[in-house]
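Q: So that you have it, the file is model.cif, and it contains mmCIF, C-alpha atoms:
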data_run
#
loop_
_atom_site.group_PDB
_atom_site.id
_atom_site.type_symbol
_atom_site.label_atom_id
_atom_site.label_comp_id
_atom_site.auth_asym_id
_atom_site.auth_seq_id
_atom_site.Cartn_x
_atom_site.Cartn_y
_atom_site.Cartn_z
ATOM 1 C CA MET A 1 -254.335 -114.203 -84.502
ATOM 2 C CA THR A 2 -251.667 -115.127 -81.997
ATOM 3 C CA GLN A 3 -251.771 -113.756 -78.478
ATOM 4 C CA ALA A 4 -248.020 -113.411 -78.394
ATOM 5 C CA GLN A 5 -246.330 -112.439 -75.163
ATOM 6 C CA ASN A 6 -245.047 -109.356 -76.907
ATOM 7 C CA SER A 7 -248.490 -108.179 -78.022
ATOM 8 C CA VAL A 8 -248.691 -104.435 -78.487
ATOM 9 C CA VAL A 9 -252.443 -104.411 -77.857
ATOM 10 C CA THR A 10 -252.961 -102.893 -74.415
ATOM 11 C CA ASP A 11 -255.986 -102.984 -72.155
ATOM 12 C CA GLU A 12 -256.568 -99.335 -73.058
ATOM 13 C CA MET A 13 -256.729 -100.308 -76.750
ATOM 14 C CA ARG A 14 -259.022 -103.257 -76.106
ATOM 15 C CA ALA A 15 -261.337 -100.953 -74.169
ATOM 16 C CA ALA A 16 -261.479 -98.614 -77.190
ATOM 17 C CA ILE A 17 -262.956 -101.247 -79.507
ATOM 18 C CA GLY A 18 -266.495 -100.309 -80.467
ATOM 19 C CA VAL A 19 -266.326 -96.845 -78.895
ATOM 20 C CA GLU A 20 -267.157 -94.032 -81.309
ATOM 21 C CA GLY A 21 -264.745 -91.121 -81.440
ATOM 22 C CA SER A 22 -265.945 -87.540 -81.456
ATOM 23 C CA PRO A 23 -267.961 -86.864 -84.601
ATOM 24 C CA ALA A 24 -266.448 -84.890 -87.465
ATOM 25 C CA THR A 25 -268.544 -82.462 -89.485
ATOM 26 C CA LEU A 26 -267.918 -82.637 -93.220
ATOM 27 C CA GLU A 27 -269.173 -79.963 -95.593
ATOM 28 C CA VAL A 28 -269.983 -81.088 -99.116
ATOM 29 C CA GLU A 29 -269.346 -78.077 -101.357
ATOM 30 C CA LYS A 30 -269.430 -77.628 -105.119
ATOM 31 C CA THR A 31 -265.779 -76.648 -105.415
ATOM 32 C CA ASN A 32 -264.607 -79.592 -103.319
ATOM 33 C CA CYS A 33 -266.694 -82.063 -105.317
ATOM 34 C CA ARG A 34 -265.137 -80.688 -108.494
ATOM 35 C CA MET A 35 -261.658 -80.815 -107.039
ATOM 36 C CA PHE A 36 -262.018 -84.430 -105.924
ATOM 37 C CA ALA A 37 -263.525 -85.424 -109.289
ATOM 38 C CA ARG A 38 -260.769 -83.604 -111.165
ATOM 39 C CA ALA A 39 -258.054 -85.306 -109.093
ATOM 40 C CA VAL A 40 -259.506 -88.715 -110.025
ATOM 41 C CA GLY A 41 -260.059 -87.770 -113.666
ATOM 42 C CA HIS A 42 -263.835 -88.195 -113.705
ATOM 43 C CA THR A 43 -265.470 -87.055 -116.938
ATOM 44 C CA ASP A 44 -269.170 -87.232 -115.972
ATOM 45 C CA PRO A 45 -270.509 -83.640 -115.897
ATOM 46 C CA ILE A 46 -272.678 -84.349 -112.797
ATOM 47 C CA TYR A 47 -269.459 -83.898 -110.787
ATOM 48 C CA TYR A 48 -268.687 -80.472 -112.265
ATOM 49 C CA ASP A 49 -271.756 -78.746 -113.688
ATOM 50 C CA GLU A 50 -274.754 -77.974 -111.497
ATOM 51 C CA ALA A 51 -277.137 -77.648 -114.446
ATOM 52 C CA ALA A 52 -276.060 -81.053 -115.783
ATOM 53 C CA ALA A 53 -276.521 -82.602 -112.335
ATOM 54 C CA LYS A 54 -280.001 -81.078 -111.986
ATOM 55 C CA ALA A 55 -280.937 -82.259 -115.468
ATOM 56 C CA ARG A 56 -280.171 -85.783 -114.228
ATOM 57 C CA GLY A 57 -282.442 -85.370 -111.197
ATOM 58 C CA HIS A 58 -279.912 -84.363 -108.549
ATOM 59 C CA ARG A 59 -280.236 -81.387 -106.214
ATOM 60 C CA SER A 60 -276.783 -80.048 -107.079
ATOM 61 C CA ILE A 61 -273.302 -81.229 -108.075
ATOM 62 C CA VAL A 62 -272.886 -84.848 -106.966
ATOM 63 C CA ALA A 63 -270.161 -86.005 -104.588
ATOM 64 C CA PRO A 64 -267.984 -88.495 -106.515
ATOM 65 C CA PRO A 65 -267.607 -92.088 -105.215
ATOM 66 C CA GLY A 66 -265.581 -92.057 -102.005
ATOM 67 C CA PHE A 67 -266.148 -88.361 -101.289
ATOM 68 C CA PHE A 68 -268.238 -87.256 -98.317
ATOM 69 C CA GLY A 69 -267.109 -83.666 -97.860
ATOM 70 C CA THR A 70 -264.282 -81.784 -96.242
ATOM 71 C CA PRO A 71 -263.751 -81.528 -92.475
ATOM 72 C CA ILE A 72 -264.012 -77.984 -91.155
ATOM 73 C CA PHE A 73 -260.532 -76.675 -90.433
ATOM 74 C CA ARG A 74 -259.899 -74.526 -87.375
ATOM 75 C CA PRO A 75 -256.355 -73.284 -86.681
ATOM 76 C CA GLY A 76 -254.915 -74.780 -83.517
ATOM 77 C CA ALA A 77 -257.765 -77.220 -83.029
ATOM 78 C CA PRO A 78 -256.972 -80.948 -83.002
ATOM 79 C CA PRO A 79 -257.677 -82.521 -86.381
ATOM 80 C CA GLN A 80 -261.194 -83.859 -86.753
ATOM 81 C CA GLY A 81 -261.877 -87.343 -87.857
ATOM 82 C CA PRO A 82 -260.558 -90.826 -87.347
ATOM 83 C CA THR A 83 -257.136 -91.476 -85.920
ATOM 84 C CA GLY A 84 -257.361 -95.151 -86.851
ATOM 85 C CA GLY A 85 -255.244 -96.309 -83.949
ATOM 86 C CA ARG A 86 -252.547 -93.742 -84.527
ATOM 87 C CA GLY A 87 -253.538 -92.156 -81.228
ATOM 88 C CA PHE A 88 -252.132 -95.082 -79.258
ATOM 89 C CA ASN A 89 -248.519 -95.476 -78.281
ATOM 90 C CA ILE A 90 -247.629 -98.247 -80.743
ATOM 91 C CA PRO A 91 -243.919 -99.195 -80.894
ATOM 92 C CA TYR A 92 -243.986 -99.466 -84.703
ATOM 93 C CA LYS A 93 -242.709 -96.598 -86.827
ATOM 94 C CA ARG A 94 -244.330 -97.231 -90.161
ATOM 95 C CA VAL A 95 -247.970 -96.803 -91.101
ATOM 96 C CA LEU A 96 -249.702 -98.101 -94.236
ATOM 97 C CA ASN A 97 -253.253 -97.703 -95.371
ATOM 98 C CA GLY A 98 -254.275 -101.342 -95.840
ATOM 99 C CA GLY A 99 -257.496 -100.879 -97.738
ATOM 100 C CA THR A 100 -260.863 -99.179 -97.888
ATOM 101 C CA ASP A 101 -264.360 -100.380 -98.693
ATOM 102 C CA TYR A 102 -267.411 -98.175 -99.092
ATOM 103 C CA GLU A 103 -271.041 -99.151 -98.733
ATOM 104 C CA TYR A 104 -273.807 -96.793 -99.877
ATOM 105 C CA PHE A 105 -277.360 -96.838 -98.580
ATOM 106 C CA PRO A 106 -279.874 -95.605 -101.106
ATOM 107 C CA ASP A 107 -281.586 -92.347 -100.192
ATOM 108 C CA GLU A 108 -283.864 -90.097 -102.217
ATOM 109 C CA ASP A 109 -280.728 -88.606 -103.784
ATOM 110 C CA SER A 110 -276.968 -89.110 -103.849
ATOM 111 C CA VAL A 111 -274.737 -87.064 -101.549
ATOM 112 C CA CYS A 112 -274.668 -83.623 -103.188
ATOM 113 C CA ALA A 113 -273.102 -80.211 -102.735
ATOM 114 C CA GLY A 114 -274.962 -78.428 -99.962
ATOM 115 C CA ASP A 115 -275.140 -81.506 -97.734
ATOM 116 C CA THR A 116 -273.570 -81.610 -94.292
ATOM 117 C CA ILE A 117 -272.314 -85.015 -93.262
ATOM 118 C CA THR A 118 -271.518 -86.182 -89.753
ATOM 119 C CA ALA A 119 -268.824 -88.869 -89.678
ATOM 120 C CA ARG A 120 -268.483 -91.131 -86.658
ATOM 121 C CA THR A 121 -265.601 -93.578 -86.479
ATOM 122 C CA LYS A 122 -264.969 -96.536 -84.244
ATOM 123 C CA ILE A 123 -262.317 -99.207 -84.096
ATOM 124 C CA THR A 124 -263.846 -102.615 -84.696
ATOM 125 C CA ALA A 125 -260.816 -104.888 -84.220
ATOM 126 C CA PHE A 126 -257.094 -105.116 -83.586
ATOM 127 C CA GLU A 127 -255.267 -107.997 -85.214
ATOM 128 C CA GLU A 128 -251.625 -108.901 -84.834
ATOM 129 C CA THR A 129 -249.654 -110.867 -87.355
ATOM 130 C CA GLU A 130 -246.088 -111.686 -88.286
ATOM 131 C CA GLY A 131 -245.486 -110.704 -91.898
ATOM 132 C CA ARG A 132 -242.625 -110.420 -94.338
ATOM 133 C CA LEU A 133 -241.890 -107.028 -92.790
ATOM 134 C CA GLY A 134 -241.920 -108.314 -89.205
ATOM 135 C CA PRO A 135 -244.630 -108.016 -86.577
ATOM 136 C CA MET A 136 -247.660 -105.993 -87.642
ATOM 137 C CA LEU A 137 -250.642 -104.463 -85.971
ATOM 138 C CA ILE A 138 -253.768 -104.302 -88.126
ATOM 139 C CA THR A 139 -256.445 -101.886 -86.962
ATOM 140 C CA LYS A 140 -259.913 -102.213 -88.481
ATOM 141 C CA ARG A 141 -262.249 -99.289 -88.229
ATOM 142 C CA GLU A 142 -265.662 -98.287 -89.421
ATOM 143 C CA THR A 143 -266.936 -94.801 -90.218
ATOM 144 C CA THR A 144 -270.650 -94.037 -90.487
ATOM 145 C CA TYR A 145 -271.723 -91.032 -92.588
ATOM 146 C CA THR A 146 -275.042 -89.423 -91.645
ATOM 147 C CA ASN A 147 -276.544 -86.529 -93.588
ATOM 148 C CA GLN A 148 -278.349 -83.424 -92.300
ATOM 149 C CA ARG A 149 -281.683 -85.275 -92.461
ATOM 150 C CA GLY A 150 -280.401 -87.930 -90.063
ATOM 151 C CA LYS A 151 -280.147 -90.586 -92.781
ATOM 152 C CA VAL A 152 -277.130 -92.899 -92.808
ATOM 153 C CA VAL A 153 -275.895 -92.513 -96.382
ATOM 154 C CA ALA A 154 -272.732 -94.596 -96.321
ATOM 155 C CA LYS A 155 -270.207 -96.536 -94.303
ATOM 156 C CA MET A 156 -266.495 -96.846 -94.776
ATOM 157 C CA TYR A 157 -264.558 -99.897 -93.628
ATOM 158 C CA GLY A 158 -260.858 -99.161 -93.355
ATOM 159 C CA THR A 159 -257.703 -101.008 -92.435
ATOM 160 C CA VAL A 160 -254.544 -99.420 -91.062
ATOM 161 C CA ILE A 161 -251.315 -101.426 -90.867
ATOM 162 C CA GLN A 162 -248.524 -100.489 -88.468
ATOM 163 C CA TYR A 163 -245.195 -102.337 -88.449
ATOM 164 C CA MET B 1 -271.624 -94.312 -124.051
ATOM 165 C CA GLY B 2 -274.981 -96.054 -124.015
ATOM 166 C CA GLN B 3 -276.687 -97.422 -120.931
ATOM 167 C CA VAL B 4 -275.835 -101.029 -120.035
ATOM 168 C CA TYR B 5 -278.790 -103.203 -118.948
ATOM 169 C CA PHE B 6 -278.995 -106.123 -116.524
ATOM 170 C CA GLU B 7 -280.165 -108.517 -119.246
ATOM 171 C CA ASP B 8 -277.135 -107.710 -121.404
ATOM 172 C CA VAL B 9 -274.430 -108.859 -118.999
ATOM 173 C CA ASN B 10 -273.364 -112.249 -117.699
ATOM 174 C CA THR B 11 -271.189 -113.771 -115.030
ATOM 175 C CA GLY B 12 -267.625 -113.865 -116.295
ATOM 176 C CA ASP B 13 -267.982 -110.770 -118.474
ATOM 177 C CA GLU B 14 -265.268 -108.165 -118.175
ATOM 178 C CA ILE B 15 -266.391 -104.545 -118.069
ATOM 179 C CA PRO B 16 -264.568 -101.900 -120.144
ATOM 180 C CA GLN B 17 -261.123 -101.147 -118.727
ATOM 181 C CA LEU B 18 -260.054 -97.733 -117.492
ATOM 182 C CA ARG B 19 -256.418 -96.816 -117.999
ATOM 183 C CA LYS B 20 -254.758 -94.306 -115.690
ATOM 184 C CA ASN B 21 -251.280 -92.824 -115.474
ATOM 185 C CA CYS B 22 -250.639 -90.429 -112.596
ATOM 186 C CA SER B 23 -248.304 -87.504 -112.988
ATOM 187 C CA THR B 24 -246.844 -86.159 -109.751
ATOM 188 C CA GLN B 25 -249.113 -83.167 -110.392
ATOM 189 C CA GLN B 26 -252.137 -85.463 -110.207
ATOM 190 C CA LEU B 27 -250.889 -86.784 -106.852
ATOM 191 C CA VAL B 28 -250.734 -83.213 -105.533
ATOM 192 C CA LEU B 29 -254.261 -82.576 -106.849
ATOM 193 C CA TRP B 30 -255.389 -85.702 -105.031
ATOM 194 C CA ALA B 31 -253.649 -84.651 -101.814
ATOM 195 C CA ALA B 32 -255.608 -81.398 -101.900
ATOM 196 C CA GLY B 33 -258.853 -83.016 -103.020
ATOM 197 C CA SER B 34 -258.795 -85.811 -100.462
ATOM 198 C CA GLY B 35 -257.013 -84.088 -97.583
ATOM 199 C CA ASP B 36 -254.295 -86.771 -97.427
ATOM 200 C CA PHE B 37 -251.072 -84.807 -97.137
ATOM 201 C CA TYR B 38 -248.733 -87.692 -96.250
ATOM 202 C CA GLN B 39 -245.415 -86.649 -97.798
ATOM 203 C CA ILE B 40 -244.538 -90.046 -99.314
ATOM 204 C CA HIS B 41 -246.848 -89.031 -102.180
ATOM 205 C CA TYR B 42 -245.166 -85.760 -103.208
ATOM 206 C CA ASP B 43 -241.822 -85.307 -101.379
ATOM 207 C CA LYS B 44 -239.274 -87.682 -102.882
ATOM 208 C CA ASP B 45 -236.640 -87.088 -100.173
ATOM 209 C CA PHE B 46 -239.205 -87.803 -97.496
ATOM 210 C CA ALA B 47 -240.416 -90.927 -99.317
ATOM 211 C CA GLN B 48 -236.879 -92.248 -99.608
ATOM 212 C CA SER B 49 -236.175 -91.484 -95.941
ATOM 213 C CA THR B 50 -238.948 -93.970 -95.059
ATOM 214 C CA GLY B 51 -237.275 -96.689 -97.114
ATOM 215 C CA LEU B 52 -239.306 -96.320 -100.292
ATOM 216 C CA LYS B 53 -237.623 -96.144 -103.712
ATOM 217 C CA GLY B 54 -239.483 -92.948 -104.498
ATOM 218 C CA LEU B 55 -242.942 -91.440 -104.617
ATOM 219 C CA ILE B 56 -245.920 -93.786 -104.558
ATOM 220 C CA VAL B 57 -249.525 -93.362 -105.673
ATOM 221 C CA HIS B 58 -252.097 -92.969 -102.872
ATOM 222 C CA GLY B 59 -253.997 -96.200 -102.263
ATOM 223 C CA ALA B 60 -257.199 -94.206 -101.874
ATOM 224 C CA LEU B 61 -256.692 -92.655 -105.316
ATOM 225 C CA LYS B 62 -256.546 -96.128 -106.869
ATOM 226 C CA ASN B 63 -259.721 -96.943 -104.955
ATOM 227 C CA ALA B 64 -261.322 -93.802 -106.401
ATOM 228 C CA PHE B 65 -260.218 -94.938 -109.891
ATOM 229 C CA LEU B 66 -262.213 -98.116 -109.294
ATOM 230 C CA GLY B 67 -265.138 -95.888 -108.296
ATOM 231 C CA GLN B 68 -264.851 -94.137 -111.659
ATOM 232 C CA LEU B 69 -264.542 -97.451 -113.521
ATOM 233 C CA LEU B 70 -267.813 -98.630 -111.947
ATOM 234 C CA HIS B 71 -269.675 -95.317 -112.215
ATOM 235 C CA ASP B 72 -268.820 -94.962 -115.896
ATOM 236 C CA TRP B 73 -269.898 -98.533 -116.590
ATOM 237 C CA ALA B 74 -273.158 -98.508 -114.587
ATOM 238 C CA GLY B 75 -274.266 -95.340 -116.350
ATOM 239 C CA GLU B 76 -276.983 -92.838 -115.505
ATOM 240 C CA ALA B 77 -279.565 -95.440 -114.571
ATOM 241 C CA GLY B 78 -277.202 -97.645 -112.573
ATOM 242 C CA SER B 79 -275.931 -97.061 -109.062
ATOM 243 C CA LEU B 80 -272.890 -97.913 -107.018
ATOM 244 C CA ARG B 81 -273.749 -99.698 -103.753
ATOM 245 C CA LYS B 82 -270.394 -101.068 -102.600
ATOM 246 C CA PHE B 83 -266.842 -100.802 -103.783
ATOM 247 C CA GLY B 84 -263.414 -100.994 -102.309
ATOM 248 C CA CYS B 85 -260.055 -102.671 -102.417
ATOM 249 C CA ALA B 86 -257.013 -103.697 -100.432
ATOM 250 C CA TYR B 87 -253.817 -101.746 -101.018
ATOM 251 C CA ARG B 88 -251.684 -104.779 -101.722
ATOM 252 C CA GLY B 89 -248.965 -103.393 -103.955
ATOM 253 C CA MET B 90 -247.493 -99.992 -104.620
ATOM 254 C CA ASP B 91 -247.790 -98.031 -107.852
ATOM 255 C CA GLU B 92 -245.445 -95.290 -108.972
ATOM 256 C CA PRO B 93 -246.227 -92.064 -110.816
ATOM 257 C CA ASP B 94 -245.850 -91.998 -114.626
ATOM 258 C CA GLN B 95 -246.694 -95.693 -114.988
ATOM 259 C CA ASP B 96 -249.901 -97.122 -116.363
ATOM 260 C CA ILE B 97 -252.466 -98.308 -113.824
ATOM 261 C CA ILE B 98 -255.125 -100.430 -115.501
ATOM 262 C CA CYS B 99 -258.475 -100.588 -113.707
ATOM 263 C CA ARG B 100 -260.506 -103.710 -114.406
ATOM 264 C CA GLY B 101 -263.633 -105.505 -113.322
ATOM 265 C CA VAL B 102 -265.205 -108.917 -113.948
ATOM 266 C CA ILE B 103 -268.792 -109.867 -113.135
ATOM 267 C CA THR B 104 -268.979 -112.652 -110.539
ATOM 268 C CA LYS B 105 -272.727 -112.806 -109.884
ATOM 269 C CA LYS B 106 -276.025 -111.312 -111.057
ATOM 270 C CA TYR B 107 -279.354 -111.489 -109.266
ATOM 271 C CA SER B 108 -282.608 -109.613 -108.738
ATOM 272 C CA GLU B 109 -284.034 -108.854 -105.341
ATOM 273 C CA GLY B 110 -286.772 -106.527 -104.114
ATOM 274 C CA GLY B 111 -287.350 -105.159 -107.591
ATOM 275 C CA GLU B 112 -283.701 -104.244 -108.106
ATOM 276 C CA HIS B 113 -281.082 -105.845 -110.336
ATOM 277 C CA PHE B 114 -277.709 -106.428 -108.698
ATOM 278 C CA ILE B 115 -274.299 -107.158 -110.169
ATOM 279 C CA GLU B 116 -271.354 -108.324 -108.080
ATOM 280 C CA LEU B 117 -267.872 -107.847 -109.445
ATOM 281 C CA ASP B 118 -264.247 -108.485 -108.691
ATOM 282 C CA VAL B 119 -262.413 -105.245 -109.346
ATOM 283 C CA TRP B 120 -258.743 -104.415 -109.238
ATOM 284 C CA THR B 121 -255.943 -102.221 -110.495
ATOM 285 C CA GLU B 122 -252.962 -103.778 -112.185
ATOM 286 C CA LYS B 123 -249.544 -102.811 -113.490
ATOM 287 C CA PRO B 124 -248.689 -103.232 -117.196
ATOM 288 C CA ASP B 125 -247.045 -106.590 -116.343
ATOM 289 C CA GLY B 126 -250.368 -107.836 -114.917
ATOM 290 C CA THR B 127 -249.484 -107.601 -111.218
ATOM 291 C CA LYS B 128 -252.650 -106.794 -109.268
ATOM 292 C CA THR B 129 -251.918 -103.996 -106.833
ATOM 293 C CA SER B 130 -255.414 -103.238 -105.492
ATOM 294 C CA PRO B 131 -257.778 -106.230 -105.468
ATOM 295 C CA GLY B 132 -261.337 -105.611 -104.335
ATOM 296 C CA THR B 133 -265.018 -106.241 -104.872
ATOM 297 C CA ALA B 134 -268.048 -104.182 -105.832
ATOM 298 C CA LEU B 135 -271.833 -104.267 -105.941
ATOM 299 C CA VAL B 136 -273.781 -102.149 -108.429
ATOM 300 C CA THR B 137 -277.362 -101.975 -109.620
ATOM 301 C CA LEU B 138 -278.287 -101.859 -113.293
ATOM 302 C CA PRO B 139 -281.627 -101.048 -114.872
ATOM 303 C CA GLY B 140 -283.639 -103.848 -116.454
ATOM 304 C CA ARG B 141 -285.065 -103.650 -119.955
ATOM 305 C CA GLY B 142 -288.412 -104.512 -118.313
#
In structure tokens, how does this file's structure come out?
A:
Amino acid sequence: MTQAQNSVVTDEMRAAIGVEGSPATLEVEKTNCRMFARAVGHTDPIYYDEAAAKARGHRSIVAPPGFFGTPIFRPGAPPQGPTGGRGFNIPYKRVLNGGTDYEYFPDEDSVCAGDTITARTKITAFEETEGRLGPMLITKRETTYTNQRGKVVAKMYGTVIQY
Amino acid sequence: MGQVYFEDVNTGDEIPQLRKNCSTQQLVLWAAGSGDFYQIHYDKDFAQSTGLKGLIVHGALKNAFLGQLLHDWAGEAGSLRKFGCAYRGMDEPDQDIICRGVITKKYSEGGEHFIELDVWTEKPDGTKTSPGTALVTLPGRG
């Protein structure tokens, strides 16, 4: 990382590293699990059929890999969830999702329909680099997913690229 | 498909491939399912106005394909502990996306059997567009 004179990382941004944003509430519902699974093309019935999921020892339809529920939408309210650095006044126009990694922590059951997940996101690092496309700002962030029993069920590590 | 067991796999083994090919309709399904409504994935004019050639497949959808690849392989008695990828290259709708994985390490710890893998999606010409890694557990024959 170069601390170039023309760094776009401000003191305000540096102060935001490690600070959790306001939590988002995600509802895990049967229909949304099915919709996510269908969009991917999953064929395992535990993502569609409650009886099949129960027969395999789950409480209800299972949330497919990478799905942790849908944020509650309220008209006029600011969107819930991570802004991933988009909230800062960055002089770059283009935004790319750089990558995502998920880590699951074993619980008595997988995330299932009926669960309510609280997602808390923080920025963990800003990195600046000079790429093929010019100067870039890479924002690394981490989201922690906690279920209604207070158990951390998963973490997401994400990268947002602005250039 | 039968259950795969820890004893049956070795470092260097490739797991069964998963072949995908996204219609634009699938991208719209994914937008709704994931809540990612960025227009570069379904509005061609918008995509081109940002300098792209046309519509592109959501990176997170390719990541979810890798989730399916691993879930289907690990089976009922296996579990997915970590997976993810970088969105290195773009994929377009109506082109094959081949999801692959190769075992890089196997070990047992705390009574569980772990498998580490390199996973990725690639284009038909072999270009890797989403390289990543994964960790799954498999049952032992015990």
Q: Written as JSON, numbers by chain, what is the full residue list that the PyMOL selection byres ((chain B) within 10 of (chain A)) yields on the file shown?
A: {"B": [20, 22, 25, 26, 27, 28, 29, 30, 31, 32, 33, 34, 35, 50, 51, 58, 59, 60, 61, 62, 63, 64, 65, 66, 67, 68, 69, 70, 71, 72, 75, 76, 77, 79, 80, 81, 82, 83, 84, 85, 86, 87, 88, 89, 130, 131, 132, 133, 134, 135]}
Q: What does the distance from CA of Ile115 in chain B to CA of Val9 in chain B come to in Å, to one decimal?
A: 9.0 Å
Q: Given the file shown, determine the residues that the PyMOL selection byres ((chain B and resi 99) around 6) selects; report them as number ranges by chain.
A: B: 17-18, 98, 100, 120-121
Q: Step by step: start from the point (-263.6, -84.2, -86.6) in the file's coordinates, keep every protein, DNA or RNA residue that has an atom no farther than 12 Å from it, count only C-alpha atoms, and write the set as a list in words.
A: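 Here the neighbourhood of the point contains Glu20, Gly21, Ser22, Pro23, Ala24, Thr25, Leu26, Glu27, Gly69, Thr70, Pro71, Ile72, Phe73, Arg74, Ala77, Pro78, Pro79, Gln80, Gly81, Pro82, Thr83, Ile117, Thr118, Ala119, Arg120, Thr121 and Thr143 of chain A.
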Q: State, in Å with one decimal place, the distance from CA of Ala113 in chain A to CA of Ser60 in chain A.
A: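 Value for the CA of Ala113 in chain A-CA of Ser60 in chain A distance: 5.7 Å.
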Q: So how far away is CA of Tyr163 in chain A from CA of Glu128 in chain A, in Å?
A: 9.9 Å
Q: When you count all atoms listed in the file, which of these residues is closest to Ile40 in chain B: A:Asp11, A:Lys30, A:Val95, A:Val62?
A: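 Distance minimum relative to Ile40 in chain B lands on A:Val95.
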Q: Of the residues A:Val160, A:Ala53, A:Val152, A:Leu137, which is the one nearest to Asn6 in chain A, using all atoms listed in the file?
A: A:Leu137
Q: Expanded to explicit residues, what is the PyMOL selection byres ((chain B and resi 105) around 7) for this file, as a list in words?
A: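 Output of the PyMOL selection byres ((chain B and resi 105) around 7): Thr11, Ile103, Thr104, Lys106, Tyr107, Ile115, Glu116 and Leu117 of chain B.
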Q: Print the selection's residues with C-alpha atoms to a file, as a PDB file, keeping the file's coordinate frame.
A:
ATOM      1  CA  THR B  11    -271.189-113.771-115.030  1.00  0.00           C
ATOM      2  CA  ILE B 103    -268.792-109.867-113.135  1.00  0.00           C
ATOM      3  CA  THR B 104    -268.979-112.652-110.539  1.00  0.00           C
ATOM      4  CA  LYS B 106    -276.025-111.312-111.057  1.00  0.00           C
ATOM      5  CA  TYR B 107    -279.354-111.489-109.266  1.00  0.00           C
ATOM      6  CA  ILE B 115    -274.299-107.158-110.169  1.00  0.00           C
ATOM      7  CA  GLU B 116    -271.354-108.324-108.080  1.00  0.00           C
ATOM      8  CA  LEU B 117    -267.872-107.847-109.445  1.00  0.00           C
TER       9      LEU B 117
END
Q: Write out as a compact mmCIF listing (two decimals) with C-alpha atoms, keeping the file's coordinate frame the residues lying within 7 Å of Leu138 in chain B, counting all atoms listed in the file and excluding same-chain residues fewer than 6 positions away.
A:
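Full text of part-v8.txt as output:
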# COMPACT_ATOMS: atom_id res chain seq x y z
CA TYR B 5 -278.79 -103.20 -118.95
CA PHE B 6 -279.00 -106.12 -116.52
CA ALA B 74 -273.16 -98.51 -114.59
CA ALA B 77 -279.56 -95.44 -114.57
CA GLY B 78 -277.20 -97.64 -112.57
CA SER B 79 -275.93 -97.06 -109.06
CA HIS B 113 -281.08 -105.84 -110.34
CA PHE B 114 -277.71 -106.43 -108.70
Q: From the block I gave, I'd like range 59-72 of chain B written with N, CA and C atoms, as an mmCIF file, in the first residue's frame.
A:
data_model
loop_
_atom_site.group_PDB
_atom_site.id
_atom_site.type_symbol
_atom_site.label_atom_id
_atom_site.label_comp_id
_atom_site.auth_asym_id
_atom_site.auth_seq_id
_atom_site.Cartn_x
_atom_site.Cartn_y
_atom_site.Cartn_z
ATOM 1 N N GLY B 59 -21.400 -11.319 -9.594
ATOM 2 C CA GLY B 59 -20.343 -12.080 -8.942
ATOM 3 C C GLY B 59 -20.892 -12.967 -7.839
ATOM 4 N N ALA B 60 -21.830 -12.426 -7.074
ATOM 5 C CA ALA B 60 -22.374 -13.191 -5.939
ATOM 6 C C ALA B 60 -23.148 -14.419 -6.406
ATOM 7 N N LEU B 61 -23.695 -14.382 -7.608
ATOM 8 C CA LEU B 61 -24.384 -15.568 -8.135
ATOM 9 C C LEU B 61 -23.359 -16.670 -8.436
ATOM 10 N N LYS B 62 -22.217 -16.272 -8.989
ATOM 11 C CA LYS B 62 -21.168 -17.270 -9.252
ATOM 12 C C LYS B 62 -20.666 -17.865 -7.930
ATOM 13 N N ASN B 63 -20.582 -17.008 -6.914
ATOM 14 C CA ASN B 63 -20.201 -17.492 -5.588
ATOM 15 C C ASN B 63 -21.234 -18.508 -5.089
ATOM 16 N N ALA B 64 -22.511 -18.191 -5.295
ATOM 17 C CA ALA B 64 -23.572 -19.113 -4.864
ATOM 18 C C ALA B 64 -23.522 -20.421 -5.665
ATOM 19 N N PHE B 65 -23.102 -20.353 -6.934
ATOM 20 C CA PHE B 65 -22.909 -21.586 -7.716
ATOM 21 C C PHE B 65 -21.861 -22.466 -7.041
ATOM 22 N N LEU B 66 -20.794 -21.829 -6.551
ATOM 23 C CA LEU B 66 -19.753 -22.605 -5.863
ATOM 24 C C LEU B 66 -20.324 -23.210 -4.580
ATOM 25 N N GLY B 67 -21.232 -22.476 -3.928
ATOM 26 C CA GLY B 67 -21.918 -23.028 -2.757
ATOM 27 C C GLY B 67 -22.705 -24.272 -3.115
ATOM 28 N N GLN B 68 -23.376 -24.251 -4.265
ATOM 29 C CA GLN B 68 -24.123 -25.429 -4.716
ATOM 30 C C GLN B 68 -23.181 -26.579 -5.057
ATOM 31 N N LEU B 69 -22.104 -26.260 -5.769
ATOM 32 C CA LEU B 69 -21.101 -27.278 -6.128
ATOM 33 C C LEU B 69 -20.663 -28.044 -4.880
ATOM 34 N N LEU B 70 -20.362 -27.283 -3.812
ATOM 35 C CA LEU B 70 -19.826 -27.886 -2.583
ATOM 36 C C LEU B 70 -20.914 -28.604 -1.793
ATOM 37 N N HIS B 71 -22.098 -28.008 -1.728
ATOM 38 C CA HIS B 71 -23.209 -28.642 -1.000
ATOM 39 C C HIS B 71 -23.567 -29.979 -1.643
ATOM 40 N N ASP B 72 -23.664 -29.981 -2.973
ATOM 41 C CA ASP B 72 -24.057 -31.200 -3.674
ATOM 42 C C ASP B 72 -23.004 -32.293 -3.507
#
